[in-house]
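File shown: run_13.txt (compact mmCIF, C-alpha atoms).
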# COMPACT_ATOMS: atom_id res chain seq x y z
CA MET A 1 0.00 0.00 0.00
CA ILE A 2 1.32 3.46 -0.89
CA ASP A 3 0.55 6.70 0.93
CA THR A 4 0.72 9.13 -1.99
CA HIS A 5 0.56 12.31 0.10
CA CYS A 6 1.92 12.61 3.63
CA HIS A 7 3.79 15.48 5.28
CA LEU A 8 6.12 13.25 7.25
CA ASP A 9 8.67 16.07 7.35
CA ARG A 10 6.44 18.24 9.53
CA ALA A 11 7.45 19.09 13.08
CA GLU A 12 4.58 16.98 14.45
CA PHE A 13 6.64 13.90 13.55
CA ASP A 14 9.93 15.06 15.04
CA PRO A 15 9.44 13.14 18.32
CA ASP A 16 8.68 9.77 16.73
CA ARG A 17 9.22 9.80 12.96
CA ASP A 18 11.09 6.47 12.94
CA GLU A 19 8.43 4.84 15.10
CA ALA A 20 5.67 6.20 12.84
CA LEU A 21 7.40 4.62 9.87
CA ARG A 22 7.71 1.29 11.69
CA ARG A 23 3.99 1.39 12.46
CA ALA A 24 3.27 2.19 8.82
CA ARG A 25 5.28 -0.75 7.57
CA ALA A 26 3.62 -3.04 10.09
CA ALA A 27 0.28 -1.87 8.68
CA GLY A 28 1.35 -2.75 5.14
CA VAL A 29 2.38 0.71 3.90
CA THR A 30 5.56 0.16 1.88
CA ASP A 31 6.08 3.64 0.40
CA VAL A 32 5.25 7.22 1.33
CA VAL A 33 5.34 10.23 -1.00
CA VAL A 34 6.18 13.42 0.90
CA PRO A 35 5.51 16.65 -1.02
CA ALA A 36 7.29 19.78 0.18
CA VAL A 37 5.21 22.88 0.90
CA GLY A 38 7.91 25.55 0.69
CA PRO A 39 11.56 26.31 -0.10
CA ASP A 40 12.66 26.24 3.53
CA GLY A 41 11.96 22.51 3.68
CA TRP A 42 13.31 21.33 0.34
CA GLU A 43 16.81 20.26 1.35
CA ALA A 44 15.81 18.68 4.65
CA LEU A 45 13.17 16.66 2.83
CA ARG A 46 15.67 15.55 0.19
CA ALA A 47 17.98 14.38 2.98
CA LEU A 48 15.14 12.54 4.74
CA ALA A 49 14.25 10.66 1.56
CA ALA A 50 17.88 9.81 0.84
CA ALA A 51 18.31 8.35 4.32
CA THR A 52 15.01 6.47 4.52
CA PRO A 53 14.04 3.56 2.25
CA GLY A 54 10.48 3.86 0.96
CA ILE A 55 10.30 7.65 1.36
CA HIS A 56 9.97 9.64 -1.87
CA PHE A 57 9.80 13.41 -2.20
CA GLY A 58 8.29 16.17 -4.29
CA LEU A 59 9.30 19.82 -4.36
CA GLY A 60 6.95 22.76 -4.64
CA ILE A 61 5.40 25.87 -3.14
CA HIS A 62 2.00 25.41 -1.50
CA PRO A 63 -0.54 28.15 -2.29
CA GLN A 64 -1.38 28.49 1.41
CA LEU A 65 2.19 29.68 1.94
CA LEU A 66 1.87 32.57 -0.51
CA PRO A 67 0.17 35.06 1.85
CA GLU A 68 3.31 34.83 4.02
CA LEU A 69 5.71 35.42 1.09
CA ALA A 70 6.42 38.70 -0.71
CA PRO A 71 4.98 38.52 -4.24
CA GLU A 72 8.05 40.18 -5.74
CA GLY A 73 10.00 37.06 -4.80
CA ASP A 74 7.79 34.62 -6.71
CA GLY A 75 10.02 34.61 -9.80
CA ALA A 76 13.18 33.94 -7.80
CA ARG A 77 11.48 31.14 -5.89
CA LEU A 78 10.43 29.45 -9.14
CA VAL A 79 14.01 29.71 -10.41
CA ALA A 80 15.21 28.11 -7.16
CA LEU A 81 12.59 25.38 -7.61
CA GLU A 82 13.85 24.65 -11.10
CA GLU A 83 17.40 24.38 -9.79
CA ALA A 84 16.34 22.11 -6.92
CA LEU A 85 14.34 19.83 -9.20
CA GLY A 86 17.25 19.78 -11.64
CA ARG A 87 19.37 18.04 -9.01
CA GLY A 88 17.16 14.98 -9.49
CA GLY A 89 15.48 12.58 -7.12
CA ALA A 90 12.04 14.14 -6.95
CA VAL A 91 9.10 11.96 -7.98
CA CYS A 92 6.75 14.90 -8.50
CA VAL A 93 6.42 18.66 -8.62
CA GLY A 94 4.48 19.93 -5.65
CA GLU A 95 2.66 20.31 -3.46
CA CYS A 96 1.30 23.18 -5.51
CA GLY A 97 -2.11 24.38 -6.58
CA LEU A 98 -4.86 26.90 -5.95
CA ASP A 99 -6.56 27.81 -2.68
CA GLY A 100 -9.66 29.94 -2.31
CA PRO A 101 -9.14 30.83 1.37
CA SER A 102 -5.58 31.98 0.61
CA ALA A 103 -6.95 34.40 -1.96
CA GLU A 104 -9.02 35.93 0.83
CA ALA A 105 -5.94 35.93 3.11
CA GLY A 106 -3.77 38.02 0.80
CA ALA A 107 -2.65 35.91 -2.17
CA PRO A 108 -4.94 36.94 -5.06
CA MET A 109 -6.00 34.17 -7.40
CA ASP A 110 -4.18 35.70 -10.36
CA ARG A 111 -0.93 35.50 -8.38
CA GLN A 112 -1.66 31.90 -7.39
CA VAL A 113 -2.37 31.02 -11.02
CA ALA A 114 0.93 32.57 -12.12
CA VAL A 115 2.90 30.61 -9.53
CA LEU A 116 1.10 27.38 -10.35
CA ARG A 117 1.67 27.96 -14.06
CA GLY A 118 5.39 28.04 -13.29
CA HIS A 119 5.11 24.68 -11.53
CA LEU A 120 3.18 23.12 -14.41
CA ARG A 121 5.72 24.29 -16.97
CA LEU A 122 8.53 22.80 -14.90
CA ALA A 123 6.60 19.52 -14.65
CA ARG A 124 6.18 19.48 -18.42
CA ARG A 125 9.85 20.27 -19.05
CA LEU A 126 11.08 17.63 -16.61
CA LEU A 127 8.36 15.07 -17.41
CA LEU A 128 7.31 14.82 -13.77
CA PRO A 129 3.76 14.43 -12.44
CA VAL A 130 2.30 17.18 -10.26
CA SER A 131 0.77 16.91 -6.80
CA LEU A 132 -2.14 19.36 -6.88
CA HIS A 133 -3.97 21.06 -4.04
CA CYS A 134 -7.32 22.61 -4.92
CA LEU A 135 -9.71 24.10 -2.39
CA ARG A 136 -12.65 26.20 -3.53
CA ALA A 137 -10.86 26.99 -6.79
CA HIS A 138 -11.86 24.22 -9.21
CA ASP A 139 -13.04 26.52 -12.01
CA ALA A 140 -9.72 28.38 -12.02
CA LEU A 141 -7.74 25.13 -11.94
CA LEU A 142 -9.72 23.59 -14.79
CA ALA A 143 -9.15 26.72 -16.89
CA LEU A 144 -5.40 26.65 -16.23
CA LEU A 145 -5.06 22.94 -16.98
CA ALA A 146 -6.72 23.55 -20.34
CA GLU A 147 -3.84 25.93 -21.15
CA GLU A 148 -0.96 23.92 -19.62
CA PRO A 149 -0.91 20.24 -20.66
CA LEU A 150 0.75 17.74 -18.36
CA PRO A 151 2.30 14.88 -20.36
CA ALA A 152 3.43 13.11 -17.17
CA GLY A 153 0.04 13.56 -15.48
CA GLY A 154 -0.51 14.27 -11.83
CA VAL A 155 -2.80 13.79 -8.88
CA LEU A 156 -5.59 15.85 -7.34
CA HIS A 157 -4.66 15.21 -3.75
CA SER A 158 -7.34 14.71 -1.09
CA PHE A 159 -9.93 15.11 -3.79
CA SER A 160 -12.93 17.02 -2.48
CA GLY A 161 -14.77 17.64 -5.72
CA SER A 162 -18.08 16.36 -6.98
CA VAL A 163 -18.90 13.63 -9.47
CA ASP A 164 -19.27 16.33 -12.14
CA GLN A 165 -15.79 17.60 -11.29
CA VAL A 166 -14.37 14.09 -11.56
CA ARG A 167 -15.69 14.07 -15.12
CA ALA A 168 -14.43 17.59 -15.83
CA TYR A 169 -10.87 16.70 -14.80
CA ALA A 170 -10.88 13.36 -16.66
CA ARG A 171 -9.71 14.89 -19.94
CA PHE A 172 -6.43 16.00 -18.34
CA GLY A 173 -5.28 12.48 -17.47
CA LEU A 174 -5.06 13.14 -13.74
CA HIS A 175 -5.33 10.72 -10.83
CA TYR A 176 -7.59 11.28 -7.82
CA ALA A 177 -6.39 10.54 -4.29
CA PHE A 178 -8.77 10.05 -1.39
CA ALA A 179 -7.96 10.63 2.27
CA GLY A 180 -9.57 10.54 5.72
CA PRO A 181 -12.82 12.31 4.75
CA VAL A 182 -14.06 9.11 3.06
CA THR A 183 -14.28 7.60 6.57
CA TYR A 184 -16.24 10.43 8.18
CA GLU A 185 -19.64 9.64 9.61
CA ARG A 186 -21.55 11.87 7.18
CA ALA A 187 -19.31 11.31 4.17
CA ARG A 188 -21.32 11.40 0.98
CA LYS A 189 -19.68 13.54 -1.71
CA PRO A 190 -16.22 11.93 -1.47
CA LEU A 191 -17.73 8.43 -1.62
CA GLU A 192 -19.78 9.35 -4.68
CA ALA A 193 -16.68 10.85 -6.28
CA ALA A 194 -14.63 7.72 -5.53
CA ARG A 195 -17.25 5.61 -7.30
CA ALA A 196 -17.02 7.89 -10.36
CA VAL A 197 -13.23 7.72 -10.68
CA PRO A 198 -11.91 5.24 -13.27
CA ARG A 199 -10.16 2.54 -11.29
CA GLU A 200 -6.88 3.05 -13.10
CA ARG A 201 -6.87 6.65 -11.77
CA LEU A 202 -7.60 5.88 -8.11
CA LEU A 203 -5.05 6.58 -5.33
CA LEU A 204 -4.93 6.60 -1.52
CA GLU A 205 -3.33 9.07 0.87
CA THR A 206 -3.38 10.17 4.49
CA ASP A 207 -2.36 13.85 4.18
CA ALA A 208 -0.87 13.23 7.64
CA PRO A 209 -0.62 14.77 10.15
CA ASP A 210 -4.03 16.18 9.10
CA GLN A 211 -7.36 14.56 8.10
CA THR A 212 -7.25 11.70 10.59
CA PRO A 213 -9.59 8.89 9.49
CA ARG A 214 -12.30 7.61 11.81
CA PRO A 215 -12.37 6.04 14.32
CA ARG A 216 -8.90 7.44 15.05
CA ARG A 217 -8.48 10.83 16.70
CA GLY A 218 -5.55 13.20 17.09
CA ARG A 219 -2.52 13.26 14.81
CA ASN A 220 -2.81 11.32 11.59
CA GLU A 221 0.02 9.07 10.36
CA PRO A 222 0.70 6.68 7.46
CA ALA A 223 -0.24 3.63 9.54
CA HIS A 224 -3.85 4.79 9.29
CA LEU A 225 -3.95 4.37 5.51
CA PRO A 226 -5.73 0.97 5.69
CA LEU A 227 -8.77 2.76 7.17
CA VAL A 228 -8.93 4.93 4.05
CA ALA A 229 -8.48 1.88 1.84
CA ALA A 230 -11.33 0.06 3.59
CA ALA A 231 -13.70 3.00 3.15
CA VAL A 232 -12.83 3.33 -0.54
CA ALA A 233 -13.24 -0.42 -0.99
CA ALA A 234 -16.72 -0.30 0.52
CA ALA A 235 -17.65 2.65 -1.67
CA ILE A 236 -16.63 1.04 -4.95
CA GLY A 237 -17.71 -2.51 -4.15
CA ALA A 238 -14.25 -4.07 -3.94
CA THR A 239 -12.26 -5.82 -1.24
CA ALA A 240 -9.58 -4.00 0.72
CA ASP A 241 -6.96 -6.29 -0.85
CA GLU A 242 -8.20 -5.37 -4.33
CA VAL A 243 -8.01 -1.67 -3.52
CA ASP A 244 -4.52 -2.15 -2.07
CA ALA A 245 -3.27 -3.89 -5.22
CA LEU A 246 -5.02 -1.48 -7.57
CA THR A 247 -3.92 1.75 -5.93
CA THR A 248 -0.39 0.48 -5.34
CA ALA A 249 0.01 -0.31 -9.04
CA ASN A 250 -1.47 3.07 -9.97
CA ALA A 251 0.90 4.93 -7.64
CA ARG A 252 3.96 3.05 -8.84
CA ALA A 253 3.10 3.86 -12.45
CA LEU A 254 2.36 7.55 -11.81
CA PHE A 255 5.42 8.32 -9.67
CA GLY A 256 7.82 5.86 -11.32
CA LEU A 257 8.37 3.88 -8.12
CA SER A 258 10.02 0.48 -8.29
CA ALA A 259 8.35 -2.46 -6.60
CA ALA A 260 9.15 -3.00 -2.94
CA ARG A 261 11.72 -5.66 -2.15
Please, can you express the file's structure as structure tokens?
Amino acid sequence: MIDTHCHLDRAEFDPDRDEALRRARAAGVTDVVVPAVGPDGWEALRALAAATPGIHFGLGIHPQLLPELAPEGDGARLVALEEALGRGGAVCVGECGLDGPSAEAGAPMDRQVAVLRGHLRLARRLLLPVSLHCLRAHDALLALLAEEPLPAGGVLHSFSGSVDQVRAYARFGLHYAFAGPVTYERARKPLEAARAVPRERLLLETDAPDQTPRPRRGRNEPAHLPLVAAAVAAAIGATADEVDALTTANARALFGLSAAR
């Protein structure tokens, strides 16, 4: 089983990162993709992945970080991103994307679109998939994707869209990853969306330390991924083992991950 989006580099894991990984492996999670959220964490994340079998990294600038960053530095940060990605090792570009609340917090959507466009062009040049965040900005993201093709594809992480949005994104060759919300007591929209996703485009994630699946509480971690898998399996009428095999194969193909030994 592969956790395709987990912020294992966050400070919440500093006290017990190795133990969290041991619990994940005991739960059947063989690989974890950790997407960076900002330049300050790029090199530490690269080092973590180099030192830890089964950890893979992406590099990007999260849209929720933009209100904290001076807009005149966006160009320089994209140049730095290109240089960092050029050193190799990354399995994706991102986390990057568009965020409605961040537009209200001081990063206008046109600025977010410009920064994301830079990420997409890098992904196209380097033939890497993208790890995409989208919150209350689907129309803007769909419009941008129509202008910026992604030959290596990508993933809509923690997909929160509707069935209609699943269909709208289908023409761009993206994958859809589902996280803890599929386990919530009143979950409806994410389960309907999971049923609408073509099986060859389905992925699992935790988004740890956030979005803890039920019945767990507190900090999320990769060991909780089987709870997400079970909820997706129930939604699409498959067994948990079938979902494990399916989503593992999908993740390995998208991110270019070799099979676990």
* Asked: Which of these, A:Pro35, A:Pro190, A:Gly41, A:Pro226, has the shortest distance to His133 (chain A) once you count only C-alpha atoms?
  ->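 Of all the options, A:Pro35 lies closest to His133 (chain A).
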* To do: Return the single residue from A:Arg46, A:Arg219, A:His175, A:Lys189 that is closest to Leu254 (chain A), with distances computed using all atoms listed in the file.
  =>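 Smallest separation from Leu254 (chain A) among the options: A:His175.
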* To do: May I ask which of the residues A:Pro151, A:Gly73, A:Gly38, A:Gly54 is the closest one to Cys96 (chain A), counting only C-alpha atoms?
  =>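 Smallest separation from Cys96 (chain A) among the options: A:Gly38.
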* Spatial neighbours of Arg201 (chain A), max dist 8 Å, only C-alpha atoms, sep filter under 2 positions, as a count of residues only -> 8
* Asked: Pick from A:Leu69, A:Leu132, A:Cys6, A:Ala84: nearest to His157 (chain A), with all atoms listed in the file counted?
  ->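 Of A:Leu69, A:Leu132, A:Cys6, A:Ala84, the one nearest His157 (chain A) is A:Leu132, counting all atoms listed in the file.
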Select all residues near (-6.8, 10.4, -1.5) (cut-off 9 Å, inclusive, file coordinates), counting all atoms listed in the file, and output them as an mmCIF file with C-alpha atoms, in the coordinates of the input.
data_model
loop_
_atom_site.group_PDB
_atom_site.id
_atom_site.type_symbol
_atom_site.label_atom_id
_atom_site.label_comp_id
_atom_site.auth_asym_id
_atom_site.auth_seq_id
_atom_site.Cartn_x
_atom_site.Cartn_y
_atom_site.Cartn_z
ATOM 1 C CA ASP A 3 0.550 6.700 0.930
ATOM 2 C CA THR A 4 0.720 9.130 -1.990
ATOM 3 C CA HIS A 5 0.560 12.310 0.100
ATOM 4 C CA LEU A 156 -5.590 15.850 -7.340
ATOM 5 C CA HIS A 157 -4.660 15.210 -3.750
ATOM 6 C CA SER A 158 -7.340 14.710 -1.090
ATOM 7 C CA PHE A 159 -9.930 15.110 -3.790
ATOM 8 C CA TYR A 176 -7.590 11.280 -7.820
ATOM 9 C CA ALA A 177 -6.390 10.540 -4.290
ATOM 10 C CA PHE A 178 -8.770 10.050 -1.390
ATOM 11 C CA ALA A 179 -7.960 10.630 2.270
ATOM 12 C CA GLY A 180 -9.570 10.540 5.720
ATOM 13 C CA PRO A 181 -12.820 12.310 4.750
ATOM 14 C CA VAL A 182 -14.060 9.110 3.060
ATOM 15 C CA LEU A 202 -7.600 5.880 -8.110
ATOM 16 C CA LEU A 203 -5.050 6.580 -5.330
ATOM 17 C CA LEU A 204 -4.930 6.600 -1.520
ATOM 18 C CA GLU A 205 -3.330 9.070 0.870
ATOM 19 C CA THR A 206 -3.380 10.170 4.490
ATOM 20 C CA ASP A 207 -2.360 13.850 4.180
ATOM 21 C CA VAL A 228 -8.930 4.930 4.050
#
* To do: Would you kindly return, as an MDAnalysis selection string, each protein, DNA or RNA residue with an atom no farther than 6 Å from any atom of region 102-116 of chain A, considering all atoms listed in the file and excluding same-chain residues fewer than 4 positions away?
  => chainID A and resid 64 66:67 97
* Write out as an MDAnalysis selection string the residues lying within 6 Å of Leu59 (chain A), counting all atoms listed in the file and excluding same-chain residues fewer than 6 positions away. => chainID A and resid 35:36 93:94
* **Ala193 (chain A) surroundings by only C-alpha atoms, 8 Å radius, close-in-sequence under 5 positions cut, as a list in words** => Gly161, Ser162, Val163 and Val166 of chain A
Suppose we keep C-alpha atoms; can you now write the selection as a tab-separated table (two decimals), in the coordinates of the input?
chain	number	residue	atom	x	y	z
A	161	GLY	CA	-14.77	17.64	-5.72
A	162	SER	CA	-18.08	16.36	-6.98
A	163	VAL	CA	-18.90	13.63	-9.47
A	166	VAL	CA	-14.37	14.09	-11.56
* One decimal, Å: what's the distance from CA of His119 (chain A) over to CA of Glu83 (chain A), could you say? => 12.4 Å
* Could you give me, as a PyMOL selection string, the residues within 12 Å of Arg10 (chain A), counting all atoms listed in the file and dropping anything in the same chain fewer than 2 positions from it? => chain A and resi 6-8+12-17+34-38+40-42+44-45+48+207-210+219-221
With N, CA and C atoms as the target, complete region 83-119 of chain A and hand it back as a CSV table (one decimal), keeping the file's coordinate frame.
chain,number,residue,atom,x,y,z
A,83,GLU,N,16.1,24.9,-10.1
A,83,GLU,CA,17.4,24.4,-9.8
A,83,GLU,C,17.3,23.2,-8.9
A,84,ALA,N,16.5,23.2,-7.9
A,84,ALA,CA,16.3,22.1,-6.9
A,84,ALA,C,15.8,20.8,-7.6
A,85,LEU,N,14.8,21.0,-8.5
A,85,LEU,CA,14.3,19.8,-9.2
A,85,LEU,C,15.4,19.3,-10.2
A,86,GLY,N,16.2,20.2,-10.7
A,86,GLY,CA,17.2,19.8,-11.6
A,86,GLY,C,18.3,18.9,-11.0
A,87,ARG,N,18.4,18.9,-9.7
A,87,ARG,CA,19.4,18.0,-9.0
A,87,ARG,C,18.9,16.6,-9.0
A,88,GLY,N,17.7,16.3,-9.4
A,88,GLY,CA,17.2,15.0,-9.5
A,88,GLY,C,16.6,14.4,-8.2
A,89,GLY,N,16.0,13.3,-8.3
A,89,GLY,CA,15.5,12.6,-7.1
A,89,GLY,C,14.0,12.8,-6.8
A,90,ALA,N,13.4,13.9,-7.2
A,90,ALA,CA,12.0,14.1,-7.0
A,90,ALA,C,11.1,13.3,-7.8
A,91,VAL,N,10.1,12.8,-7.2
A,91,VAL,CA,9.1,12.0,-8.0
A,91,VAL,C,7.9,12.8,-8.5
A,92,CYS,N,7.8,14.0,-8.0
A,92,CYS,CA,6.8,14.9,-8.5
A,92,CYS,C,7.1,16.4,-8.2
A,93,VAL,N,6.4,17.2,-8.9
A,93,VAL,CA,6.4,18.7,-8.6
A,93,VAL,C,5.3,19.0,-7.7
A,94,GLY,N,5.5,19.6,-6.6
A,94,GLY,CA,4.5,19.9,-5.6
A,94,GLY,C,4.8,19.5,-4.2
A,95,GLU,N,4.1,20.0,-3.3
A,95,GLU,CA,2.7,20.3,-3.5
A,95,GLU,C,2.5,21.7,-4.0
A,96,CYS,N,1.6,21.9,-4.9
A,96,CYS,CA,1.3,23.2,-5.5
A,96,CYS,C,-0.2,23.2,-5.8
A,97,GLY,N,-0.7,24.3,-6.2
A,97,GLY,CA,-2.1,24.4,-6.6
A,97,GLY,C,-2.8,25.7,-6.4
A,98,LEU,N,-4.1,25.7,-6.1
A,98,LEU,CA,-4.9,26.9,-6.0
A,98,LEU,C,-5.7,26.7,-4.7
A,99,ASP,N,-5.9,27.9,-4.0
A,99,ASP,CA,-6.6,27.8,-2.7
A,99,ASP,C,-7.4,29.0,-2.5
A,100,GLY,N,-8.7,28.8,-2.5
A,100,GLY,CA,-9.7,29.9,-2.3
A,100,GLY,C,-9.5,30.7,-1.0
A,101,PRO,N,-9.3,30.1,0.1
A,101,PRO,CA,-9.1,30.8,1.4
A,101,PRO,C,-7.9,31.7,1.4
A,102,SER,N,-6.8,31.2,0.7
A,102,SER,CA,-5.6,32.0,0.6
A,102,SER,C,-5.8,33.2,-0.2
A,103,ALA,N,-6.7,33.2,-1.2
A,103,ALA,CA,-7.0,34.4,-2.0
A,103,ALA,C,-7.6,35.5,-1.0
A,104,GLU,N,-8.4,35.0,-0.1
A,104,GLU,CA,-9.0,35.9,0.8
A,104,GLU,C,-8.0,36.4,1.9
A,105,ALA,N,-6.9,35.6,2.1
A,105,ALA,CA,-5.9,35.9,3.1
A,105,ALA,C,-4.8,36.8,2.6
A,106,GLY,N,-4.8,37.1,1.3
A,106,GLY,CA,-3.8,38.0,0.8
A,106,GLY,C,-3.0,37.5,-0.4
A,107,ALA,N,-3.3,36.4,-1.0
A,107,ALA,CA,-2.6,35.9,-2.2
A,107,ALA,C,-3.7,35.8,-3.3
A,108,PRO,N,-3.9,36.9,-4.0
A,108,PRO,CA,-4.9,36.9,-5.1
A,108,PRO,C,-4.8,35.8,-6.0
A,109,MET,N,-6.0,35.4,-6.6
A,109,MET,CA,-6.0,34.2,-7.4
A,109,MET,C,-5.1,34.3,-8.6
A,110,ASP,N,-5.0,35.6,-9.2
A,110,ASP,CA,-4.2,35.7,-10.4
A,110,ASP,C,-2.7,35.4,-10.0
A,111,ARG,N,-2.3,35.8,-8.8
A,111,ARG,CA,-0.9,35.5,-8.4
A,111,ARG,C,-0.8,34.0,-8.2
A,112,GLN,N,-1.7,33.3,-7.6
A,112,GLN,CA,-1.7,31.9,-7.4
A,112,GLN,C,-1.6,31.2,-8.7
A,113,VAL,N,-2.4,31.6,-9.7
A,113,VAL,CA,-2.4,31.0,-11.0
A,113,VAL,C,-1.0,31.2,-11.7
A,114,ALA,N,-0.4,32.4,-11.5
A,114,ALA,CA,0.9,32.6,-12.1
A,114,ALA,C,2.0,31.6,-11.5
A,115,VAL,N,1.9,31.5,-10.2
A,115,VAL,CA,2.9,30.6,-9.5
A,115,VAL,C,2.7,29.2,-9.9
A,116,LEU,N,1.4,28.7,-10.0
A,116,LEU,CA,1.1,27.4,-10.4
A,116,LEU,C,1.5,27.1,-11.8
A,117,ARG,N,1.3,28.1,-12.7
A,117,ARG,CA,1.7,28.0,-14.1
A,117,ARG,C,3.2,27.7,-14.2
A,118,GLY,N,4.0,28.3,-13.3
A,118,GLY,CA,5.4,28.0,-13.3
A,118,GLY,C,5.7,26.6,-12.9
A,119,HIS,N,5.0,26.1,-11.9
A,119,HIS,CA,5.1,24.7,-11.5
A,119,HIS,C,4.7,23.7,-12.7
